[in-house]
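Q: Here you go, model.cif (mmCIF, C-alpha atoms):
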data_input
#
loop_
_atom_site.label_atom_id
_atom_site.label_comp_id
_atom_site.auth_asym_id
_atom_site.auth_seq_id
_atom_site.Cartn_x
_atom_site.Cartn_y
_atom_site.Cartn_z
CA MET K 1 -81.79 130.98 127.84
CA PHE K 2 -81.98 134.71 127.18
CA TYR K 3 -83.09 134.10 123.60
CA CYS K 4 -85.80 131.66 124.79
CA TYR K 5 -87.16 134.22 127.24
CA LEU K 6 -87.09 136.97 124.62
CA PHE K 7 -88.90 134.84 122.06
CA ALA K 8 -91.49 133.58 124.54
CA MET K 9 -92.23 137.21 125.38
CA LEU K 10 -92.52 138.16 121.71
CA GLU K 11 -94.76 135.13 121.05
CA GLU K 12 -97.13 136.30 123.76
CA MET K 13 -97.18 139.84 122.34
CA SER K 14 -97.96 138.71 118.80
CA LYS K 15 -100.85 136.48 119.89
CA ARG K 16 -102.99 139.59 120.29
CA ASP K 17 -105.21 139.88 117.26
CA GLN K 18 -106.12 143.49 117.95
CA LEU K 19 -105.15 146.61 116.10
CA GLY K 20 -102.15 148.52 117.39
CA ASN K 21 -102.11 152.31 117.39
CA PHE K 22 -100.09 152.65 114.18
CA GLU K 23 -101.91 149.75 112.54
CA LEU K 24 -105.24 151.45 113.23
CA MET K 25 -103.96 154.66 111.61
CA VAL K 26 -102.80 152.69 108.55
CA VAL K 27 -106.17 150.92 108.20
CA LEU K 28 -108.04 154.24 108.46
CA VAL K 29 -105.83 155.68 105.71
CA LEU K 30 -106.47 152.60 103.53
CA ILE K 31 -110.21 153.11 103.92
CA ARG K 32 -109.80 156.78 103.02
CA LEU K 33 -107.64 156.14 99.94
CA ARG K 34 -109.83 153.32 98.56
CA GLU K 35 -108.39 152.19 95.20
CA ASN K 36 -105.14 154.16 95.26
CA ALA K 37 -103.65 152.72 98.45
CA TYR K 38 -99.97 151.90 97.94
CA GLY K 39 -96.85 152.92 99.89
CA VAL K 40 -96.40 156.54 98.75
CA PRO K 41 -99.98 157.82 99.13
CA ILE K 42 -100.37 155.91 102.40
CA SER K 43 -97.30 157.54 103.94
CA ASP K 44 -98.25 160.95 102.44
CA GLU K 45 -101.71 160.76 103.95
CA LEU K 46 -100.33 159.63 107.32
CA GLU K 47 -97.87 162.53 107.32
CA LYS K 48 -100.59 165.00 106.36
CA ARG K 49 -102.99 163.78 109.04
CA THR K 50 -100.53 163.26 111.90
CA GLY K 51 -98.06 166.07 111.10
CA ARG K 52 -95.11 163.73 111.60
CA GLU K 53 -92.63 162.14 109.22
CA VAL K 54 -93.55 158.53 108.48
CA ALA K 55 -91.05 155.84 107.49
CA ILE K 56 -92.21 153.87 104.46
CA GLY K 57 -90.49 150.79 105.94
CA SER K 58 -92.63 151.10 109.08
CA VAL K 59 -95.78 151.42 106.98
CA TYR K 60 -94.92 148.18 105.15
CA ALA K 61 -94.08 146.42 108.43
CA ALA K 62 -97.55 147.40 109.74
CA LEU K 63 -99.17 146.31 106.46
CA GLU K 64 -97.43 142.92 106.67
CA ARG K 65 -98.78 142.42 110.20
CA LEU K 66 -102.27 143.47 109.08
CA GLU K 67 -102.09 141.06 106.15
CA ASP K 68 -101.02 138.24 108.49
CA LYS K 69 -104.02 138.98 110.72
CA GLY K 70 -106.33 138.91 107.69
CA PHE K 71 -107.36 142.58 108.00
CA VAL K 72 -105.78 143.61 104.69
CA THR K 73 -105.20 142.08 101.23
CA SER K 74 -102.75 143.17 98.56
CA GLU K 75 -102.15 142.90 94.82
CA LEU K 76 -99.31 143.96 92.55
CA GLY K 77 -99.83 146.64 89.90
CA GLU K 78 -97.84 147.24 86.75
CA PRO K 79 -94.14 148.19 86.95
CA THR K 80 -93.46 151.85 86.10
CA SER K 81 -90.30 153.65 84.96
CA GLU K 82 -90.44 156.39 87.63
CA ARG K 83 -90.18 153.63 90.22
CA GLY K 84 -87.10 152.08 88.61
CA GLY K 85 -89.22 149.41 86.90
CA ARG K 86 -90.74 148.25 90.16
CA ALA K 87 -94.43 147.51 90.59
CA LYS K 88 -96.74 149.27 93.02
CA LYS K 89 -98.35 147.07 95.64
CA TYR K 90 -101.95 148.05 96.32
CA PHE K 91 -103.59 147.29 99.66
CA ARG K 92 -107.27 146.96 100.55
CA VAL K 93 -109.09 146.48 103.84
CA THR K 94 -111.01 143.19 104.15
CA ALA K 95 -114.46 142.75 105.69
CA ARG K 96 -112.76 141.34 108.78
CA GLY K 97 -110.53 144.40 108.95
CA LEU K 98 -113.54 146.74 108.74
CA LYS K 99 -115.27 144.82 111.53
CA GLU K 100 -112.16 145.13 113.70
CA VAL K 101 -111.95 148.89 113.06
CA ARG K 102 -115.58 149.34 114.11
CA GLU K 103 -114.98 147.37 117.31
CA THR K 104 -111.87 149.40 118.09
CA GLN K 105 -113.77 152.63 117.44
CA ARG K 106 -116.55 151.56 119.82
CA SER K 107 -114.04 150.64 122.54
CA LEU K 108 -112.14 153.91 122.16
CA VAL K 109 -115.30 156.04 122.20
CA ASN K 110 -116.44 154.23 125.36
CA LEU K 111 -113.07 154.86 126.99
CA TRP K 112 -113.10 158.51 125.93
CA GLN K 113 -116.49 159.29 127.44
CA GLY K 114 -116.69 160.87 130.88
CA LEU K 115 -113.11 162.12 131.03
CA PRO K 116 -113.24 165.84 131.91
CA GLU K 117 -109.45 166.15 131.45
CA LEU K 118 -109.81 165.37 127.74
CA GLN K 119 -112.75 167.65 126.99
CA GLY K 120 -112.35 170.98 125.18
CA GLY K 121 -109.05 169.95 123.57
CA ARG K 122 -107.02 170.81 126.69
CA ILE K 123 -105.19 168.44 129.02
CA MET G 124 -78.14 167.90 99.82
CA ARG G 125 -79.90 167.46 96.46
CA SER G 126 -79.20 165.25 93.48
CA ASP G 127 -81.09 163.53 90.67
CA GLN G 128 -80.15 160.06 91.86
CA PRO G 129 -80.77 158.59 95.32
CA PRO G 130 -77.63 157.87 97.40
CA ARG G 131 -76.04 154.80 95.86
CA ILE G 132 -74.77 153.23 99.08
CA ALA G 133 -78.14 153.55 100.79
CA LYS G 134 -79.87 152.00 97.79
CA TRP G 135 -77.30 149.20 97.61
CA LEU G 136 -77.75 148.48 101.31
CA LEU G 137 -81.51 148.29 100.99
CA LEU G 138 -81.30 146.19 97.83
CA HIS G 139 -78.96 143.64 99.44
CA PHE G 140 -79.93 143.74 103.13
CA GLY G 141 -83.61 144.65 103.05
CA SER G 142 -85.38 141.60 104.49
CA SER G 143 -88.99 142.69 104.12
CA PRO G 144 -91.05 140.56 101.69
CA ASN G 145 -92.10 143.92 100.22
CA ASN G 146 -88.53 145.12 99.69
CA GLN G 147 -89.01 145.74 95.97
CA SER G 148 -92.13 147.82 96.63
CA ILE G 149 -90.27 149.79 99.30
CA LEU G 150 -87.44 150.53 96.86
CA GLY G 151 -89.96 151.60 94.22
CA ASP G 152 -91.80 153.84 96.68
CA LEU G 153 -88.56 155.45 97.85
CA ASP G 154 -87.54 156.12 94.23
CA GLU G 155 -90.93 157.65 93.49
CA ARG G 156 -90.88 159.88 96.58
CA TYR G 157 -87.25 160.84 95.96
CA ARG G 158 -88.14 162.13 92.47
CA GLU G 159 -90.77 164.41 93.99
CA ALA G 160 -88.54 165.81 96.76
CA PRO G 161 -84.89 164.74 96.46
CA SER G 162 -83.06 164.71 99.77
CA HIS G 163 -80.16 162.41 100.54
CA LEU G 164 -80.75 162.72 104.28
CA TRP G 165 -84.41 161.72 103.90
CA TYR G 166 -83.44 158.72 101.74
CA TRP G 167 -80.83 157.56 104.26
CA ARG G 168 -83.28 157.90 107.13
CA GLN G 169 -85.91 155.90 105.24
CA THR G 170 -83.31 153.25 104.38
CA VAL G 171 -82.28 152.78 108.01
CA TYR G 172 -85.93 152.53 109.08
CA ALA G 173 -86.73 150.09 106.26
CA LEU G 174 -83.77 147.85 107.16
CA THR G 175 -84.53 147.74 110.87
CA ALA G 176 -88.33 147.58 110.58
CA GLY G 177 -88.10 144.84 107.93
CA LEU G 178 -85.77 142.68 110.00
CA TRP G 179 -87.68 143.22 113.24
CA SER G 180 -90.98 142.41 111.55
CA GLN G 181 -89.59 139.13 110.17
CA VAL G 182 -88.05 138.13 113.50
CA ARG G 183 -91.25 139.00 115.34
CA THR G 184 -93.49 136.98 113.05
CA GLN G 185 -91.10 133.99 112.79
CA LYS G 186 -89.67 133.73 116.27
CA TRP G 187 -89.05 130.00 116.41
CA LEU G 188 -87.56 129.96 112.93
CA THR G 189 -85.20 132.73 114.04
CA LEU G 190 -84.30 130.82 117.17
CA ARG G 191 -83.51 127.76 115.04
CA ALA G 192 -81.38 129.85 112.67
CA LEU G 193 -79.43 131.35 115.59
CA ALA G 194 -78.90 127.94 117.17
CA LEU G 195 -77.68 126.49 113.87
CA GLY G 196 -75.33 129.41 113.26
CA TRP G 197 -73.86 129.25 116.74
CA ILE G 198 -73.40 125.48 116.65
CA CYS G 199 -71.49 125.95 113.42
CA SER G 200 -69.39 128.72 115.01
CA PHE G 201 -68.42 126.42 117.85
CA LEU G 202 -67.01 124.02 115.30
CA MET G 203 -64.11 126.48 115.18
CA TRP G 204 -62.83 125.34 118.56
CA PRO G 205 -62.16 121.70 117.68
CA LEU G 206 -60.38 123.07 114.57
CA ILE G 207 -58.16 125.27 116.72
CA GLU G 208 -57.51 122.47 119.15
CA ALA G 209 -56.53 120.18 116.29
CA TYR G 210 -54.18 122.87 114.97
CA VAL G 211 -52.57 123.38 118.37
CA PHE G 212 -52.19 119.65 118.87
CA LEU G 213 -50.76 118.93 115.41
CA PHE G 214 -48.54 121.96 114.77
CA LEU G 215 -47.70 123.52 118.11
CA LYS G 216 -47.75 120.31 120.20
CA ASP G 217 -48.49 122.40 123.30
CA GLU G 218 -44.78 122.87 124.01
CA ARG G 219 -44.81 126.62 123.63
CA PHE G 220 -47.58 126.93 126.20
CA SER G 221 -45.64 125.19 128.94
CA GLY G 222 -44.77 127.47 131.78
CA TYR G 223 -47.21 130.30 131.08
CA ASN G 224 -49.07 131.54 134.07
CA PRO G 225 -52.52 132.97 133.34
CA ARG G 226 -53.03 135.75 135.89
CA ASN G 227 -56.29 136.93 134.34
CA LEU G 228 -58.54 136.48 131.31
CA TRP G 229 -56.38 138.77 129.15
CA THR G 230 -53.23 136.78 129.92
CA LEU G 231 -55.06 133.58 129.08
CA ALA G 232 -56.41 134.89 125.76
CA GLY G 233 -53.28 136.77 124.69
CA SER G 234 -50.73 134.14 125.64
CA VAL G 235 -52.50 131.38 123.74
CA ILE G 236 -53.47 133.27 120.60
CA GLN G 237 -50.14 135.05 120.09
CA TYR G 238 -48.54 131.76 118.97
CA TYR G 239 -51.12 131.19 116.22
CA ASP G 240 -50.12 132.05 112.68
CA TRP G 241 -51.86 135.00 111.07
CA TRP G 242 -53.24 132.93 108.19
CA PHE G 243 -54.84 130.55 110.65
CA VAL G 244 -56.24 133.29 112.88
CA LEU G 245 -57.94 134.89 109.88
CA ILE G 246 -58.84 131.94 107.69
CA ALA G 247 -60.24 129.47 110.24
CA PRO G 248 -62.88 131.81 111.77
CA PHE G 249 -63.68 133.29 108.35
CA ALA G 250 -64.23 129.85 106.81
CA VAL G 251 -66.37 128.73 109.74
CA SER G 252 -68.49 131.88 109.62
CA VAL G 253 -68.97 131.57 105.83
CA LEU G 254 -70.15 128.00 106.43
CA GLY G 255 -72.43 129.19 109.25
CA GLY G 256 -74.00 131.92 107.08
CA TRP G 257 -74.41 129.50 104.18
CA LEU G 258 -76.08 126.86 106.39
CA VAL G 259 -78.46 129.40 107.91
CA ALA G 260 -79.42 130.69 104.44
CA ARG G 261 -79.83 127.21 102.92
CA THR G 262 -82.00 125.90 105.75
CA HIS G 263 -84.24 128.98 105.98
CA ARG G 264 -85.01 129.74 102.35
CA ARG G 265 -88.44 131.23 103.06
CA SER G 266 -86.80 134.23 104.74
CA GLU G 267 -83.09 133.65 104.29
CA ARG G 268 -82.08 137.31 104.35
CA ALA G 269 -83.80 137.97 107.67
CA MET G 270 -82.36 134.80 109.23
CA VAL G 271 -78.80 135.54 108.03
CA LEU G 272 -79.10 139.11 109.31
CA ALA G 273 -80.46 137.88 112.65
CA PHE G 274 -77.44 135.58 113.00
CA PHE G 275 -75.17 138.44 111.95
CA ALA G 276 -76.73 140.72 114.60
CA ALA G 277 -76.34 138.02 117.26
CA ARG G 278 -72.70 137.57 116.28
CA CYS G 279 -72.17 141.37 116.45
CA ALA G 280 -73.66 141.33 119.95
CA VAL G 281 -70.87 138.96 121.01
CA VAL G 282 -67.99 140.29 118.92
CA LEU G 283 -68.34 143.97 119.85
CA PRO G 284 -68.06 143.51 123.66
CA LEU G 285 -65.22 141.04 123.06
CA VAL G 286 -63.35 143.61 120.97
CA CYS G 287 -63.83 146.20 123.74
CA PHE G 288 -62.50 143.66 126.27
CA LEU G 289 -59.45 143.05 124.09
CA LEU G 290 -58.82 146.76 123.57
CA VAL G 291 -58.68 147.19 127.35
CA GLY G 292 -56.40 144.15 127.50
CA MET G 293 -53.95 145.87 125.14
CA PHE G 294 -53.26 148.40 127.89
CA VAL G 295 -53.43 146.04 130.85
CA GLU G 296 -51.19 143.26 129.44
CA ARG G 297 -49.02 144.98 126.84
CA GLN G 298 -46.74 141.97 126.33
CA TYR G 299 -49.61 140.07 124.70
CA LEU G 300 -50.43 142.83 122.21
CA PRO G 301 -49.86 140.59 119.12
CA GLY G 302 -52.26 138.02 120.59
CA PHE G 303 -54.93 140.64 121.20
CA ILE G 304 -54.58 142.09 117.71
CA LYS G 305 -54.91 138.61 116.21
CA LEU G 306 -58.02 137.95 118.31
CA VAL G 307 -59.62 141.25 117.27
CA PHE G 308 -59.06 140.53 113.58
CA GLY G 309 -59.99 136.87 113.97
CA ASN G 310 -63.34 137.88 115.41
CA ALA G 311 -63.89 140.79 113.05
CA VAL G 312 -63.55 138.61 109.93
CA THR G 313 -66.44 136.45 111.10
CA LEU G 314 -68.88 139.31 110.47
CA PRO G 315 -68.37 139.73 106.70
CA GLY G 316 -67.95 135.94 106.56
CA ILE G 317 -71.53 135.40 107.74
CA LEU G 318 -72.89 137.86 105.18
CA LEU G 319 -70.80 136.37 102.38
CA GLY G 320 -71.82 132.80 103.23
CA GLY G 321 -75.44 133.91 103.51
CA GLY G 322 -75.28 135.14 99.91
CA MET G 323 -75.94 138.76 100.81
CA PHE G 324 -73.35 140.08 98.36
CA SER G 325 -73.82 137.65 95.51
CA GLY G 326 -76.13 137.56 92.49
CA SER G 327 -78.98 139.91 91.83
CA PRO G 328 -81.24 140.18 94.87
CA GLU G 329 -84.07 141.41 92.63
CA VAL G 330 -83.97 138.25 90.55
CA ARG G 331 -83.61 136.06 93.63
CA SER G 332 -86.51 137.66 95.47
CA SER G 333 -88.82 137.72 92.44
CA GLY G 334 -88.04 134.08 91.75
CA ARG G 335 -88.83 133.22 95.34
CA SER G 336 -92.10 135.12 95.38
CA ALA G 337 -93.11 133.43 92.13
CA SER G 338 -92.51 130.00 93.66
#
Now, as a test, write the supplied structure out as structure tokens.

A:
Amino acid sequence: MFYCYLFAMLEEMSKRDQLGNFELMVVLVLIRLRENAYGVPISDELEKRTGREVAIGSVYAALERLEDKGFVTSELGEPTSERGGRAKKYFRVTARGLKEVRETQRSLVNLWQGLPELQGGRI
Amino acid sequence: MRSDQPPRIAKWLLLHFGSSPNNQSILGDLDERYREAPSHLWYWRQTVYALTAGLWSQVRTQKWLTLRALALGWICSFLMWPLIEAYVFLFLKDERFSGYNPRNLWTLAGSVIQYYDWWFVLIAPFAVSVLGGWLVARTHRRSERAMVLAFFAARCAVVLPLVCFLLVGMFVERQYLPGFIKLVFGNAVTLPGILLGGGMFSGSPEVRSSGRSAS
């Protein structure tokens, strides 16, 4: 019974086809990195821009969700020795993903406007 | 702490228990980053995040499949009870239980289990859990690691409170101490049993996962 409730709740949550906060950050980094977007540069860029440590596992979990939603595509590169013979997986934002980012940007800008508490960089 | 090689145990854990479809890429990325700035603590932290985020992501995206895997695993676990009943009926013939007076749950558990032989207490639950893990893995090949780990986590959620309950029982009903110890071990062996049956320790995960992605 508990499991059924938990899974019904999760089902409802995953139905949302919008971008989450972390997913939006990942997509923006993918757009910024263009051709060189694989795990290491993505997490480096996120760390540089947010000032916080980023877990590579979390980045991949977000990328998997984005791929499921059709916002991102991926392809495998060549295996390299410095990666223990493992291939890099490159990610790219799709046209649908770009459209979703623009819509999210518009919504956020609309929400941001007219809030005196958030103006001037002070809360 | 600095070294040329990433921590072996962390790498082994991620190699065998990482359930993300991108596990090989994660391992490669961690190796690459580790070469640039080697830190065992960083590698361990990344490993824990990768294990939990990978499993959670799989469970979240395949909820009904996970529910089916849990149901299958638990049904298989409950097969243990008819086995125990058959054992009690055939070998103990219920005679040794006559006259016991269960005052509470500890008395009930301890007084029954203390008569079981050690080999039975360990082997029966272990065999059933190996079978459960194997069944879950075989019937959920698309994401067998995640499903086996989900069943393992669900089993842990039951076993750990039970062990705490039995540890308290050791002080409350000291005369049934052997029964409690047998129950603790009998439950504890189910955990590695699930992982073993699910194939988490066997073969080369790299070969298995690459073969799966190719198909």

Q: Residues of chain G that approach chain K to 6 Å or less, counting all atoms listed in the file: could you list each one with the shortest pair of atoms and its distance in Å to one decimal, rows by chain and increasing residue number, as CSV?

A:
residue,atom,partner,partner_atom,distance
G:Gly151,CA,K:Arg83,CA,4.5
G:Asp152,CA,K:Val40,CA,5.7
G:Asp154,CA,K:Arg83,CA,5.4
G:Glu155,CA,K:Arg83,CA,5.2
G:Gln169,CA,K:Ala55,CA,5.6
G:Tyr172,CA,K:Gly57,CA,5.8
G:Ala173,CA,K:Gly57,CA,3.8
G:Ala176,CA,K:Ser58,CA,5.8
G:Ser180,CA,K:Ala61,CA,6.0
G:Lys186,CA,K:Phe7,CA,5.9

Q: For the structure provided, state which residues fall under the PyMOL selection byres ((chain G and resi 277-283) around 9), and present them as a PyMOL selection string.

A: chain G and resi 193+197+272-276+284-288+307+310-311+313-314+317

Q: One number please: CA of Leu174 in chain G to CA of Gly70 in chain K, in Å, one decimal.

A: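 Between these atoms lies a distance of 24.3 Å.
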
Q: Range 160-167 of chain G: which residues within 10 Å, counting only C-alpha atoms, same-chain residues fewer than 2 positions away excluded, as number ranges by chain?

A: K: 53, 55; G: 124-134, 137, 153-158, 169-173

Q: Given the PyMOL selection byres ((chain G and resi 305) around 9) and the file above, list the residues it selects as an mmCIF file with C-alpha atoms, in the coordinates of the input.

A:
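The result, stored in out.cif:
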data_model
loop_
_atom_site.group_PDB
_atom_site.id
_atom_site.type_symbol
_atom_site.label_atom_id
_atom_site.label_comp_id
_atom_site.auth_asym_id
_atom_site.auth_seq_id
_atom_site.Cartn_x
_atom_site.Cartn_y
_atom_site.Cartn_z
ATOM 1 C CA GLY G 233 -53.280 136.770 124.690
ATOM 2 C CA ILE G 236 -53.470 133.270 120.600
ATOM 3 C CA GLN G 237 -50.140 135.050 120.090
ATOM 4 C CA TYR G 239 -51.120 131.190 116.220
ATOM 5 C CA ASP G 240 -50.120 132.050 112.680
ATOM 6 C CA TRP G 241 -51.860 135.000 111.070
ATOM 7 C CA VAL G 244 -56.240 133.290 112.880
ATOM 8 C CA LEU G 245 -57.940 134.890 109.880
ATOM 9 C CA LEU G 300 -50.430 142.830 122.210
ATOM 10 C CA PRO G 301 -49.860 140.590 119.120
ATOM 11 C CA GLY G 302 -52.260 138.020 120.590
ATOM 12 C CA PHE G 303 -54.930 140.640 121.200
ATOM 13 C CA ILE G 304 -54.580 142.090 117.710
ATOM 14 C CA LEU G 306 -58.020 137.950 118.310
ATOM 15 C CA VAL G 307 -59.620 141.250 117.270
ATOM 16 C CA PHE G 308 -59.060 140.530 113.580
ATOM 17 C CA GLY G 309 -59.990 136.870 113.970
ATOM 18 C CA ASN G 310 -63.340 137.880 115.410
#
